[in-house]
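Structure file final.txt (compact mmCIF, C-alpha atoms) follows.
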# COMPACT_ATOMS: atom_id res chain seq x y z
CA MET A 930 -144.92 20.07 86.32
CA GLU A 931 -143.19 22.61 88.49
CA TYR A 932 -139.85 20.84 88.00
CA ILE A 933 -140.29 20.68 84.22
CA ALA A 934 -140.94 24.44 84.20
CA ILE A 935 -137.78 25.04 86.24
CA ALA A 936 -135.66 22.88 83.93
CA PHE A 937 -137.13 24.38 80.75
CA GLY A 938 -136.62 27.90 82.06
CA ALA A 939 -133.03 27.08 82.96
CA ILE A 940 -132.21 25.58 79.54
CA PHE A 941 -133.82 28.17 77.27
CA VAL A 942 -135.12 31.27 79.04
CA ASN A 943 -132.32 31.94 81.52
CA ASN A 944 -129.68 30.35 79.32
CA VAL A 945 -126.44 30.43 81.23
CA ILE A 946 -124.28 31.75 78.39
CA LEU A 947 -126.58 33.87 76.27
CA ASN A 948 -128.67 35.44 79.02
CA GLN A 949 -126.57 35.37 82.19
CA PHE A 950 -123.08 35.63 80.64
CA TYR A 951 -121.51 32.89 82.74
CA GLY A 952 -118.61 30.95 81.27
CA ILE A 953 -117.90 33.15 78.26
CA CYS A 954 -114.14 32.42 78.15
CA PRO A 955 -114.49 28.65 77.43
CA PHE A 956 -117.54 29.45 75.29
CA LEU A 957 -115.35 31.42 72.89
CA GLY A 958 -112.12 29.49 73.51
CA VAL A 959 -113.17 25.84 73.20
CA SER A 960 -115.84 26.21 70.53
CA THR A 961 -113.74 26.07 67.36
CA LYS A 962 -114.30 22.31 66.92
CA LYS A 963 -117.51 20.33 67.46
CA SER A 964 -115.75 17.42 69.20
CA SER A 965 -114.00 19.59 71.80
CA ALA A 966 -117.19 21.59 72.42
CA LEU A 967 -119.06 18.35 73.08
CA SER A 968 -116.40 17.14 75.54
CA MET A 969 -116.37 20.47 77.32
CA GLY A 970 -120.17 20.47 77.49
CA MET A 971 -120.23 17.00 79.05
CA ALA A 972 -117.51 17.83 81.57
CA VAL A 973 -119.31 21.02 82.60
CA THR A 974 -122.67 19.20 82.86
CA PHE A 975 -121.26 16.66 85.29
CA VAL A 976 -119.20 19.07 87.42
CA MET A 977 -121.80 21.83 87.55
CA THR A 978 -124.68 19.55 88.59
CA SER A 979 -122.68 17.79 91.31
CA SER A 980 -120.98 20.89 92.69
CA THR A 981 -124.27 22.80 92.86
CA MET A 982 -125.79 19.99 94.94
CA ILE A 983 -122.72 19.89 97.20
CA ALA A 984 -122.77 23.67 97.57
CA HIS A 985 -126.46 23.61 98.47
CA LEU A 986 -125.97 20.96 101.16
CA LEU A 987 -122.94 22.79 102.57
CA TYR A 988 -124.77 26.09 102.63
CA THR A 989 -127.96 24.86 104.30
CA ARG A 990 -126.40 22.29 106.68
CA VAL A 991 -123.11 23.92 107.65
CA LEU A 992 -122.89 27.62 106.81
CA ILE A 993 -126.37 28.83 107.80
CA PRO A 994 -126.55 27.05 111.20
CA ASN A 995 -123.17 28.57 112.10
CA ASN A 996 -123.91 32.06 110.72
CA LEU A 997 -121.03 31.81 108.27
CA GLU A 998 -122.86 32.91 105.09
CA TYR A 999 -120.30 35.61 104.40
CA LEU A 1000 -117.65 32.91 103.88
CA SER A 1001 -119.65 31.22 101.10
CA THR A 1002 -117.55 32.60 98.20
CA ILE A 1003 -114.25 31.35 99.59
CA ILE A 1004 -115.70 27.98 100.66
CA PHE A 1005 -117.45 27.33 97.34
CA ILE A 1006 -114.35 28.01 95.26
CA LEU A 1007 -112.32 25.64 97.45
CA VAL A 1008 -115.00 22.94 97.24
CA ILE A 1009 -115.26 23.28 93.46
CA ALA A 1010 -111.47 23.22 92.97
CA SER A 1011 -111.01 20.13 95.14
CA PHE A 1012 -114.05 18.42 93.61
CA VAL A 1013 -112.63 18.93 90.12
CA GLN A 1014 -109.29 17.48 91.26
CA PHE A 1015 -111.09 14.51 92.79
CA VAL A 1016 -113.12 13.84 89.64
CA GLU A 1017 -109.97 14.06 87.55
CA MET A 1018 -108.22 11.47 89.75
CA VAL A 1019 -111.19 9.11 89.73
CA ILE A 1020 -111.58 9.27 85.95
CA LYS A 1021 -107.84 8.79 85.42
CA LYS A 1022 -107.91 5.69 87.61
CA PHE A 1023 -110.98 3.98 86.16
CA SER A 1024 -111.38 4.93 82.51
CA SER A 1025 -108.55 6.09 80.30
CA ALA A 1026 -110.98 6.55 77.39
CA ILE A 1027 -113.05 9.13 79.25
CA TYR A 1028 -109.89 10.69 80.64
CA ASN A 1029 -108.43 11.16 77.17
CA ALA A 1030 -111.64 12.83 76.00
CA LEU A 1031 -112.30 15.09 79.00
CA GLY A 1032 -108.97 15.30 80.84
CA VAL A 1033 -107.78 18.54 79.28
CA TYR A 1034 -111.03 20.32 80.03
CA LEU A 1035 -111.42 19.41 83.69
CA PRO A 1036 -108.79 21.82 85.12
CA LEU A 1037 -110.30 24.60 83.00
CA ILE A 1038 -113.63 24.14 84.77
CA THR A 1039 -112.25 25.41 88.08
CA THR A 1040 -111.99 28.89 86.60
CA ASN A 1041 -115.22 28.56 84.62
CA CYS A 1042 -117.33 31.18 86.31
CA ALA A 1043 -120.52 29.30 85.39
CA VAL A 1044 -119.86 26.68 88.07
CA LEU A 1045 -119.24 29.14 90.90
CA GLY A 1046 -121.93 31.47 89.56
CA VAL A 1047 -124.65 28.82 89.63
CA ALA A 1048 -123.54 27.66 93.10
CA ILE A 1049 -123.91 31.22 94.43
CA ASP A 1050 -127.14 31.87 92.51
CA THR A 1051 -128.84 28.83 93.99
CA THR A 1052 -127.78 29.55 97.57
CA ARG A 1053 -127.12 33.13 98.57
CA ASN A 1054 -128.95 34.81 95.67
CA SER A 1055 -131.77 32.26 95.33
CA GLN A 1056 -134.44 34.96 95.71
CA LYS A 1057 -133.99 36.04 92.08
CA ILE A 1058 -134.44 32.57 90.56
CA PHE A 1059 -136.80 30.68 92.85
CA GLN A 1060 -138.67 33.65 94.42
CA THR A 1061 -137.85 32.13 97.79
CA THR A 1062 -134.78 32.21 100.01
CA THR A 1063 -135.16 28.53 100.92
CA PRO A 1064 -135.54 26.48 97.71
CA THR A 1065 -135.80 22.70 98.13
CA PHE A 1066 -133.05 20.29 97.16
CA TRP A 1067 -135.00 18.99 94.15
CA GLN A 1068 -135.71 22.48 92.83
CA ILE A 1069 -131.97 23.18 92.95
CA THR A 1070 -131.12 19.88 91.30
CA PHE A 1071 -133.52 20.37 88.39
CA TYR A 1072 -132.30 23.93 87.96
CA ALA A 1073 -128.65 22.81 87.91
CA VAL A 1074 -129.35 20.02 85.41
CA GLY A 1075 -131.25 22.45 83.19
CA ILE A 1076 -128.53 25.08 83.34
CA SER A 1077 -125.82 22.56 82.46
CA ILE A 1078 -127.83 21.13 79.55
CA GLY A 1079 -128.36 24.69 78.34
CA TYR A 1080 -124.61 25.28 78.52
CA ALA A 1081 -123.75 22.08 76.61
CA LEU A 1082 -126.46 22.76 74.01
CA VAL A 1083 -125.40 26.32 73.27
CA ILE A 1084 -121.66 25.60 73.16
CA PHE A 1085 -122.30 22.68 70.76
CA LEU A 1086 -124.59 24.67 68.44
CA PHE A 1087 -122.12 27.55 68.48
CA SER A 1088 -119.19 25.30 67.55
CA ALA A 1089 -121.20 23.81 64.67
CA ILE A 1090 -121.82 27.34 63.32
CA ARG A 1091 -118.17 28.27 63.74
CA GLU A 1092 -117.01 25.15 61.87
CA GLU A 1093 -119.25 26.09 58.94
CA MET A 1094 -118.03 29.66 59.06
CA ASP A 1095 -114.43 28.58 58.46
CA ALA A 1096 -115.32 27.88 54.82
CA TYR A 1097 -116.20 31.50 54.08
CA PRO A 1098 -113.88 34.46 53.56
CA ILE A 1099 -114.12 36.97 56.41
CA LYS A 1100 -112.44 40.37 56.54
CA ARG A 1101 -109.18 40.27 58.47
CA ASN A 1102 -110.28 42.52 61.32
CA TRP A 1103 -113.47 40.51 61.86
CA GLN A 1104 -111.79 37.10 62.03
CA GLY A 1105 -111.81 35.15 65.28
CA ILE A 1106 -113.38 36.80 68.32
CA PRO A 1107 -115.36 39.66 66.67
CA ILE A 1108 -117.32 37.46 64.26
CA ALA A 1109 -117.84 34.92 67.05
CA LEU A 1110 -119.36 37.68 69.20
CA ILE A 1111 -121.70 38.73 66.39
CA THR A 1112 -122.77 35.08 65.98
CA ALA A 1113 -123.42 34.92 69.71
CA PHE A 1114 -125.47 38.12 69.39
CA ILE A 1115 -127.75 36.51 66.80
CA MET A 1116 -128.07 33.35 68.92
CA ALA A 1117 -128.89 35.45 72.00
CA MET A 1118 -131.64 37.23 70.06
CA ILE A 1119 -133.11 33.88 69.00
CA PHE A 1120 -133.00 32.57 72.58
CA SER A 1121 -134.62 35.74 73.91
CA GLY A 1122 -137.66 34.62 71.92
CA PHE A 1123 -138.22 31.91 74.55
CA GLY A 1124 -138.73 34.71 77.08
CA GLY A 1125 -142.52 34.51 77.15
CA VAL A 1126 -142.81 30.72 77.39
CA VAL A 1127 -142.33 30.19 81.12
CA MET B 773 -82.35 36.80 85.88
CA ALA B 774 -81.01 38.32 82.71
CA LYS B 775 -84.41 39.70 81.80
CA LYS B 776 -84.53 43.42 81.00
CA GLU B 777 -85.93 45.51 83.86
CA ILE B 778 -89.46 46.62 83.15
CA THR B 779 -90.12 50.36 83.60
CA PHE B 780 -93.21 51.98 85.09
CA GLY B 781 -93.95 53.72 81.80
CA LYS B 782 -94.02 50.39 80.01
CA ILE B 783 -96.24 48.85 82.72
CA PHE B 784 -98.89 51.53 82.22
CA HIS B 785 -98.59 51.57 78.43
CA ASP B 786 -99.08 47.78 78.42
CA GLY B 787 -102.06 47.98 80.78
CA PHE B 788 -103.90 50.61 78.78
CA PHE B 789 -103.11 49.82 75.17
CA LYS B 790 -100.72 47.08 74.16
CA GLN B 791 -102.04 44.39 76.53
CA ASN B 792 -105.47 45.87 77.29
CA PRO B 793 -107.30 43.13 79.23
CA VAL B 794 -110.65 43.75 77.57
CA PHE B 795 -109.90 44.36 73.89
CA VAL B 796 -106.54 42.65 73.33
CA GLN B 797 -106.20 39.81 75.83
CA PHE B 798 -109.93 39.01 76.19
CA LEU B 799 -109.54 38.22 79.89
CA GLY B 800 -112.48 38.33 82.27
CA MET B 801 -115.12 38.47 79.58
CA CYS B 802 -118.07 37.42 81.74
CA PRO B 803 -118.20 40.67 83.75
CA THR B 804 -117.24 42.59 80.61
CA LEU B 805 -120.48 41.52 78.99
CA ALA B 806 -122.70 41.28 82.06
CA VAL B 807 -122.19 44.54 83.97
CA THR B 808 -121.92 46.93 81.01
CA GLY B 809 -125.63 47.66 80.79
CA SER B 810 -124.86 51.08 82.23
CA VAL B 811 -121.80 53.23 82.93
CA GLU B 812 -122.55 53.20 86.67
CA THR B 813 -122.34 49.42 87.12
CA ALA B 814 -119.29 49.27 84.84
CA LEU B 815 -117.52 51.85 87.03
CA GLY B 816 -118.46 49.95 90.18
CA MET B 817 -117.18 46.67 88.76
CA GLY B 818 -113.97 48.41 87.61
CA ALA B 819 -113.37 49.82 91.08
CA GLY B 820 -113.84 46.38 92.61
CA VAL B 821 -111.45 44.76 90.14
CA ILE B 822 -108.81 47.47 90.71
CA PHE B 823 -108.98 46.91 94.48
CA VAL B 824 -108.65 43.11 94.22
CA LEU B 825 -106.01 43.23 91.48
CA VAL B 826 -103.71 45.73 93.24
CA PHE B 827 -103.79 43.90 96.56
CA SER B 828 -103.60 40.38 95.11
CA ASN B 829 -100.58 41.40 92.99
CA LEU B 830 -98.98 43.02 96.05
CA ILE B 831 -99.52 40.01 98.34
CA VAL B 832 -98.53 37.45 95.72
CA SER B 833 -95.38 39.41 95.01
CA LEU B 834 -94.50 39.65 98.73
CA ILE B 835 -94.82 35.90 99.28
CA ARG B 836 -93.45 34.82 95.89
CA ASN B 837 -90.19 33.43 97.34
CA TRP B 838 -91.87 31.35 100.05
CA VAL B 839 -94.63 29.58 98.15
CA PRO B 840 -93.59 26.26 96.56
CA SER B 841 -94.44 26.31 92.87
CA GLU B 842 -96.53 23.10 93.06
CA VAL B 843 -99.19 24.68 95.29
CA ARG B 844 -98.99 28.25 94.03
CA ILE B 845 -102.32 28.26 92.12
CA PRO B 846 -104.45 27.17 95.15
CA VAL B 847 -102.61 29.72 97.30
CA TYR B 848 -103.34 32.49 94.78
CA ILE B 849 -107.01 31.47 94.62
CA VAL B 850 -107.36 31.60 98.40
CA ILE B 851 -105.73 35.06 98.54
CA ILE B 852 -108.04 36.36 95.80
CA ALA B 853 -111.13 34.79 97.40
CA ALA B 854 -110.30 36.39 100.75
CA LEU B 855 -109.89 39.81 99.09
CA VAL B 856 -113.20 39.39 97.27
CA THR B 857 -114.94 38.48 100.54
CA ILE B 858 -113.59 41.71 102.09
CA LEU B 859 -114.79 43.67 99.05
CA GLU B 860 -118.28 42.09 99.24
CA THR B 861 -118.66 42.91 102.93
CA VAL B 862 -117.49 46.51 102.49
CA MET B 863 -119.70 47.12 99.43
CA GLN B 864 -122.76 45.55 101.10
CA TYR B 865 -122.32 47.94 104.00
CA TYR B 866 -121.52 51.20 102.20
CA VAL B 867 -123.01 50.98 98.68
CA LEU B 868 -125.90 48.53 98.89
CA ASP B 869 -127.53 49.62 95.60
CA LEU B 870 -124.36 48.91 93.64
CA TYR B 871 -123.88 45.64 95.53
CA LEU B 872 -127.35 44.50 94.47
CA ALA B 873 -126.88 45.71 90.87
CA LEU B 874 -123.64 43.76 90.46
CA GLY B 875 -125.14 40.72 92.20
CA THR B 876 -123.33 37.44 91.69
CA PHE B 877 -120.72 39.03 89.44
CA LEU B 878 -119.09 40.67 92.43
CA SER B 879 -118.34 37.23 93.86
CA LEU B 880 -117.27 36.02 90.44
CA ILE B 881 -114.23 38.34 90.59
CA VAL B 882 -112.67 35.27 92.27
CA VAL B 883 -112.64 33.36 88.99
CA ASN B 884 -111.87 36.36 86.79
CA CYS B 885 -108.96 35.05 84.71
CA LEU B 886 -107.44 38.54 84.60
CA ILE B 887 -106.57 38.50 88.29
CA LEU B 888 -105.15 34.97 88.42
CA GLY B 889 -103.40 35.65 85.10
CA ARG B 890 -101.58 38.74 86.39
CA ALA B 891 -100.63 36.98 89.64
CA GLU B 892 -99.10 34.16 87.63
CA ALA B 893 -97.57 36.14 84.76
CA PHE B 894 -96.35 39.30 86.51
CA ALA B 895 -96.56 39.37 90.32
CA SER B 896 -94.83 36.01 90.82
CA GLN B 897 -91.74 37.35 89.02
CA ASN B 898 -91.49 41.03 89.96
CA ASN B 899 -90.97 43.12 93.10
CA PRO B 900 -93.98 44.32 95.17
CA VAL B 901 -93.95 47.98 94.02
CA LYS B 902 -93.92 47.09 90.34
CA SER B 903 -96.53 44.37 90.88
CA ALA B 904 -98.89 46.83 92.57
CA ALA B 905 -98.29 49.27 89.69
CA ASP B 906 -99.07 46.50 87.21
CA GLY B 907 -102.26 45.71 89.10
CA LEU B 908 -103.29 49.37 88.98
CA ALA B 909 -102.45 49.67 85.27
CA MET B 910 -104.28 46.49 84.28
CA GLY B 911 -107.21 47.40 86.53
CA LEU B 912 -107.49 50.85 84.96
CA GLY B 913 -107.20 49.34 81.48
CA PHE B 914 -110.01 46.92 82.36
CA THR B 915 -112.15 49.72 83.81
CA GLY B 916 -111.56 51.87 80.73
CA GLY B 917 -112.59 49.02 78.46
CA ILE B 918 -115.82 48.14 80.26
CA VAL B 919 -116.78 51.80 80.77
CA LEU B 920 -116.38 52.35 77.01
CA LEU B 921 -118.66 49.36 76.40
CA GLY B 922 -121.13 50.59 79.03
CA PHE B 923 -121.08 54.07 77.48
CA PHE B 924 -122.22 52.85 74.05
CA ARG B 925 -124.78 50.41 75.47
CA GLU B 926 -126.36 52.95 77.78
CA LEU B 927 -126.24 55.73 75.19
CA PHE B 928 -128.10 53.76 72.50
CA GLY B 929 -130.17 51.55 74.80
CA LYS B 930 -131.44 54.07 77.32
CA GLY B 931 -130.42 57.38 75.74
CA SER B 932 -128.80 58.59 78.94
CA ILE B 933 -125.42 58.52 80.65
CA THR B 934 -125.51 58.07 84.42
CA ILE B 935 -122.21 58.33 86.24
CA TRP B 936 -123.36 57.99 89.83
CA GLY B 937 -126.83 58.11 91.42
CA ASP B 938 -128.66 61.15 90.01
CA LEU B 939 -125.55 62.56 88.36
CA GLY B 940 -126.53 61.90 84.76
CA ILE B 941 -127.73 63.37 81.51
CA GLN B 942 -130.45 62.40 79.00
CA ILE B 943 -128.98 62.69 75.50
CA ILE B 944 -131.27 60.79 73.15
CA PRO B 945 -135.06 61.31 73.63
CA GLU B 946 -137.11 58.29 74.64
CA ALA B 947 -138.73 57.72 71.23
CA PHE B 948 -135.38 57.07 69.54
CA GLN B 949 -133.91 54.53 71.92
CA ILE B 950 -132.90 51.09 70.64
CA SER B 951 -133.63 48.84 73.58
CA ILE B 952 -131.73 45.84 72.20
CA PHE B 953 -128.44 47.52 73.18
CA ALA B 954 -129.39 47.50 76.84
CA GLN B 955 -130.62 43.90 76.72
CA ALA B 956 -128.39 40.83 77.11
CA SER B 957 -127.88 40.24 73.39
CA GLY B 958 -126.77 43.82 72.80
CA ALA B 959 -123.65 43.17 74.87
CA PHE B 960 -122.35 40.69 72.29
CA LEU B 961 -123.15 43.07 69.43
CA VAL B 962 -121.44 46.18 70.87
CA PHE B 963 -118.42 44.20 72.07
CA GLY B 964 -118.02 42.49 68.68
CA ILE B 965 -118.17 45.77 66.75
CA LEU B 966 -115.70 47.49 69.11
CA VAL B 967 -113.20 44.62 68.88
CA ALA B 968 -113.45 44.58 65.08
CA TYR B 969 -112.85 48.36 64.95
CA ILE B 970 -109.85 48.15 67.29
CA ASN B 971 -108.44 45.29 65.17
CA LYS B 972 -108.79 47.49 62.11
CA ILE B 973 -106.69 50.24 63.72
CA LYS B 974 -104.16 47.65 64.89
CA PHE B 975 -103.76 46.11 61.42
CA ARG B 976 -103.49 49.53 59.77
CA ARG B 977 -100.62 50.41 62.11
CA LEU B 978 -98.94 47.07 61.43
CA ASP B 979 -99.15 47.65 57.67
CA GLN B 980 -97.70 51.14 58.00
CA SER B 981 -94.78 49.94 60.09
CA GLU B 982 -94.03 47.23 57.53
CA VAL B 983 -93.96 49.75 54.67
CA ALA B 984 -91.76 52.20 56.55
Just dump the structure as C-alpha cells.
Amino acid sequence: MEYIAIAFGAIFVNNVILNQFYGICPFLGVSTKKSSALSMGMAVTFVMTSSTMIAHLLYTRVLIPNNLEYLSTIIFILVIASFVQFVEMVIKKFSSAIYNALGVYLPLITTNCAVLGVAIDTTRNSQKIFQTTTPTFWQITFYAVGISIGYALVIFLFSAIREEMDAYPIKRNWQGIPIALITAFIMAMIFSGFGGVV
Amino acid sequence: MAKKEITFGKIFHDGFFKQNPVFVQFLGMCPTLAVTGSVETALGMGAGVIFVLVFSNLIVSLIRNWVPSEVRIPVYIVIIAALVTILETVMQYYVLDLYLALGTFLSLIVVNCLILGRAEAFASQNNPVKSAADGLAMGLGFTGGIVLLGFFRELFGKGSITIWGDLGIQIIPEAFQISIFAQASGAFLVFGILVAYINKIKFRRLDQSEVA
C-alpha cells in the first residue's frame, strides 16, 4: 500500500512537469505530434527509471562511505550521459525498429533536466519527498517509475490537445509557445486537484 | 574567418533584447518557471547563472583551440558541472536560506540549455574577452527576464515585493491577493501572457518596418 501511494503521488500529485517544472524544454518542443510525444515519453521512462536506480546505488554505496556527497552533481551528469550513450549503442545493435522510433530522442535526454533532477531529488534532497534521508531502494524505484509514467502521460495528453488546436485559428502573437503555456496552465490547475488525494 | 567582427554593443543588445534567452530563445525554461515564485529567488538564480555562464564561456573560449571537436560536448559539460559544484558549495556556506529555497534547481544549472548553448554557439568561436562579455550579457538578459516574471507573480500572488531578506514592501492588501499566481500553475499563465505581449510588440515593429 505504501508503494502504491508513492507511485500515485509521483504520477499525479507531484507531477514532474506540471508541479515540479522538470523537463519543460522537451515538453514544449517535442509535443507537436502525438507519435513523437509517445516516443519521447517511452525513452524518458526507460532512461529515468534506470538512471535513478543507478544514481541511488552510486550515492549510497560509493559517495556516502567516502564522504564525497558534494561531487554528486558532477558524477550524476557523467553517469547519465554515458548511460544514454550506452543505451543508444545497445538499441542500435539489437533492434533497428526501436532505434528508428527512439533514436533521435535519446541524445536529447542527456540535457533533459528531469532525469538529473529526479536523481538528485531521490538522493541528496530525499528529505522533501520521502520524509527521510535514507529511503529504501524499492521506495526510490516506485517513485522513479511513477514520475516517469507521469511525464509520459502528461506529454502525450498535451500533444493530443496541441494536435486538435492546430485546426483552430489563433491570433498571430499567441501562436506556438504562448498558447502552449496557457494550455499547460489549465492542465496544471486540473492536476492540482489531485493535491488532497495522497 | 571572413565573419564580421562582433562589437560589444551588439553583444549586449543581443543579450538583452534581440536574443533574450527567456522571451525570445526560450532557453532554460525549467528554472524560469520554477524559481519565479518571488523576486528574491529569481535574483538568486540569476546571480548563479551569471557566475556559471561568464566563467564557462571564458574557460571554453580559452581552450577552444585544444579540444577536438568530437569530444567537445562532454568537455563542456564537465566544465559546467565543476563550476556548478563550486557555486553550490559557496552558496551553501554563505547564503543557506537561498540555497534551500532554490533546492535542486541550483544543481540543474548543469543541464540549463542556455549555458551549453552559449558555449557551443559563441564561446567556441570567439576570443575570451568577448566570450566573457557575451556570458555577462546573456546572464543579465536571463536575470532580467526571470525577475520580471517573479515580479508579476509575487505582486499578484502575495501582494508584496521582497528584494532581499526583510527589504521588501507590501503593495496589495492580503484580502485582494490571487494565490494562483504564486502556485505552480500560475507560472505557466504569467509566462504565456508575457510572451504573447512581447510577440505583439515584435510583430508591430516588423509591420512598421515593412511599410516604411
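Closest to B:Ser828 among B:Ser879, B:Thr934, B:Asn884, B:Ser903 is B:Ser903, based on only C-alpha atoms.
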Give me the residues within 8 Å of stretch 1041-1055 of chain A as an mmCIF file with C-alpha atoms, in the frame of the given file, counting all atoms listed in the file and dropping any in the same chain fewer than 2 places off.
data_model
loop_
_atom_site.group_PDB
_atom_site.id
_atom_site.type_symbol
_atom_site.label_atom_id
_atom_site.label_comp_id
_atom_site.auth_asym_id
_atom_site.auth_seq_id
_atom_site.Cartn_x
_atom_site.Cartn_y
_atom_site.Cartn_z
ATOM 1 C CA VAL A 945 -126.440 30.430 81.230
ATOM 2 C CA TYR A 951 -121.510 32.890 82.740
ATOM 3 C CA GLY A 952 -118.610 30.950 81.270
ATOM 4 C CA CYS A 954 -114.140 32.420 78.150
ATOM 5 C CA PRO A 955 -114.490 28.650 77.430
ATOM 6 C CA VAL A 973 -119.310 21.020 82.600
ATOM 7 C CA VAL A 976 -119.200 19.070 87.420
ATOM 8 C CA MET A 977 -121.800 21.830 87.550
ATOM 9 C CA SER A 980 -120.980 20.890 92.690
ATOM 10 C CA THR A 981 -124.270 22.800 92.860
ATOM 11 C CA ALA A 984 -122.770 23.670 97.570
ATOM 12 C CA HIS A 985 -126.460 23.610 98.470
ATOM 13 C CA TYR A 988 -124.770 26.090 102.630
ATOM 14 C CA GLU A 998 -122.860 32.910 105.090
ATOM 15 C CA SER A 1001 -119.650 31.220 101.100
ATOM 16 C CA THR A 1002 -117.550 32.600 98.200
ATOM 17 C CA PHE A 1005 -117.450 27.330 97.340
ATOM 18 C CA ILE A 1006 -114.350 28.010 95.260
ATOM 19 C CA ILE A 1009 -115.260 23.280 93.460
ATOM 20 C CA LEU A 1037 -110.300 24.600 83.000
ATOM 21 C CA ILE A 1038 -113.630 24.140 84.770
ATOM 22 C CA THR A 1039 -112.250 25.410 88.080
ATOM 23 C CA LYS A 1057 -133.990 36.040 92.080
ATOM 24 C CA ILE A 1058 -134.440 32.570 90.560
ATOM 25 C CA PHE A 1059 -136.800 30.680 92.850
ATOM 26 C CA GLN A 1060 -138.670 33.650 94.420
ATOM 27 C CA THR A 1061 -137.850 32.130 97.790
ATOM 28 C CA THR A 1062 -134.780 32.210 100.010
ATOM 29 C CA THR A 1063 -135.160 28.530 100.920
ATOM 30 C CA PRO A 1064 -135.540 26.480 97.710
ATOM 31 C CA ILE A 1069 -131.970 23.180 92.950
ATOM 32 C CA ALA A 1073 -128.650 22.810 87.910
ATOM 33 C CA CYS B 802 -118.070 37.420 81.740
ATOM 34 C CA GLY B 875 -125.140 40.720 92.200
ATOM 35 C CA THR B 876 -123.330 37.440 91.690
ATOM 36 C CA PHE B 877 -120.720 39.030 89.440
ATOM 37 C CA LEU B 880 -117.270 36.020 90.440
ATOM 38 C CA VAL B 883 -112.640 33.360 88.990
ATOM 39 C CA ASN B 884 -111.870 36.360 86.790
#
Dig up all the protein and nucleic acid residues within 9 Å of (-130.2, 39.1, 70.0) in the file frame, using all atoms listed in the file, and format them as a PDB file with C-alpha atoms, keeping the file's coordinate frame.
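File selection37.pdb, as written:
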ATOM      1  CA  LEU A 947    -126.580  33.870  76.270  1.00  0.00           C
ATOM      2  CA  ALA A1113    -123.420  34.920  69.710  1.00  0.00           C
ATOM      3  CA  PHE A1114    -125.470  38.120  69.390  1.00  0.00           C
ATOM      4  CA  ILE A1115    -127.750  36.510  66.800  1.00  0.00           C
ATOM      5  CA  MET A1116    -128.070  33.350  68.920  1.00  0.00           C
ATOM      6  CA  ALA A1117    -128.890  35.450  72.000  1.00  0.00           C
ATOM      7  CA  MET A1118    -131.640  37.230  70.060  1.00  0.00           C
ATOM      8  CA  ILE A1119    -133.110  33.880  69.000  1.00  0.00           C
ATOM      9  CA  PHE A1120    -133.000  32.570  72.580  1.00  0.00           C
ATOM     10  CA  SER A1121    -134.620  35.740  73.910  1.00  0.00           C
ATOM     11  CA  GLY A1122    -137.660  34.620  71.920  1.00  0.00           C
TER      12      GLY A1122
ATOM     13  CA  ILE B 952    -131.730  45.840  72.200  1.00  0.00           C
ATOM     14  CA  GLN B 955    -130.620  43.900  76.720  1.00  0.00           C
ATOM     15  CA  ALA B 956    -128.390  40.830  77.110  1.00  0.00           C
ATOM     16  CA  SER B 957    -127.880  40.240  73.390  1.00  0.00           C
ATOM     17  CA  GLY B 958    -126.770  43.820  72.800  1.00  0.00           C
ATOM     18  CA  PHE B 960    -122.350  40.690  72.290  1.00  0.00           C
ATOM     19  CA  LEU B 961    -123.150  43.070  69.430  1.00  0.00           C
TER      20      LEU B 961
END
- Message: Report as a ChimeraX atom specification all protein, DNA and RNA residues lying within 12 Å of A:Leu1035, evaluated on all atoms listed in the file, omitting residues in the same chain fewer than 3 positions from it.
- Response: /A:955,968-977,1009-1021,1027-1032,1038-1041,1044
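You can rank A:Thr1065, A:Asn944, A:Gln1056, A:Asn1102 by their closest distance to chain B using all atoms listed in the file, and at the top of that list sits A:Asn1102.
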- Task: Could you please determine the separation between atom CA of B:Phe827 and atom CA of B:Leu855 in Å, to one decimal place?
- Result: 7.8 Å
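Of the residues under consideration (B:Cys885, B:Ala909, B:Leu825, B:Ala891), B:Cys885 shows the shortest atom-to-atom contact distance to chain A when counting all atoms listed in the file.
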- Message: Which residues are close to A:Leu1082, i.e. within 9 Å by only C-alpha atoms, leaving aside same-chain residues fewer than 5 positions away? Reply as an MDAnalysis selection string.
- Response: chainID A and resid 940 967 970 1077 1087
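Shortest atom-to-atom contact with B:Leu805 among A:Phe1023, A:Phe950, A:Phe1071, A:Phe1066: A:Phe950, counting all atoms listed in the file.
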Could you write stretch 1116-1124 of chain A as a compact mmCIF listing (two decimals), in the coordinates of the input, with N, CA and C atoms rebuilt where they are missing?
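selection.txt, freshly written:
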# COMPACT_ATOMS: atom_id res chain seq x y z
N MET A 1116 -127.52 34.46 68.13
CA MET A 1116 -128.07 33.35 68.92
C MET A 1116 -128.80 33.86 70.16
N ALA A 1117 -128.26 34.90 70.80
CA ALA A 1117 -128.89 35.45 72.00
C ALA A 1117 -130.26 36.03 71.66
N MET A 1118 -130.35 36.68 70.47
CA MET A 1118 -131.64 37.23 70.06
C MET A 1118 -132.65 36.13 69.86
N ILE A 1119 -132.20 35.00 69.22
CA ILE A 1119 -133.11 33.88 69.00
C ILE A 1119 -133.58 33.33 70.35
N PHE A 1120 -132.63 33.16 71.29
CA PHE A 1120 -133.00 32.57 72.58
C PHE A 1120 -133.88 33.51 73.39
N SER A 1121 -133.76 34.83 73.15
CA SER A 1121 -134.62 35.74 73.91
C SER A 1121 -136.08 35.57 73.48
N GLY A 1122 -136.30 34.91 72.34
CA GLY A 1122 -137.66 34.62 71.92
C GLY A 1122 -138.38 33.65 72.83
N PHE A 1123 -137.60 32.83 73.59
CA PHE A 1123 -138.22 31.91 74.55
C PHE A 1123 -138.74 32.65 75.78
N GLY A 1124 -138.42 33.94 75.88
CA GLY A 1124 -138.73 34.71 77.08
C GLY A 1124 -140.15 34.58 77.59
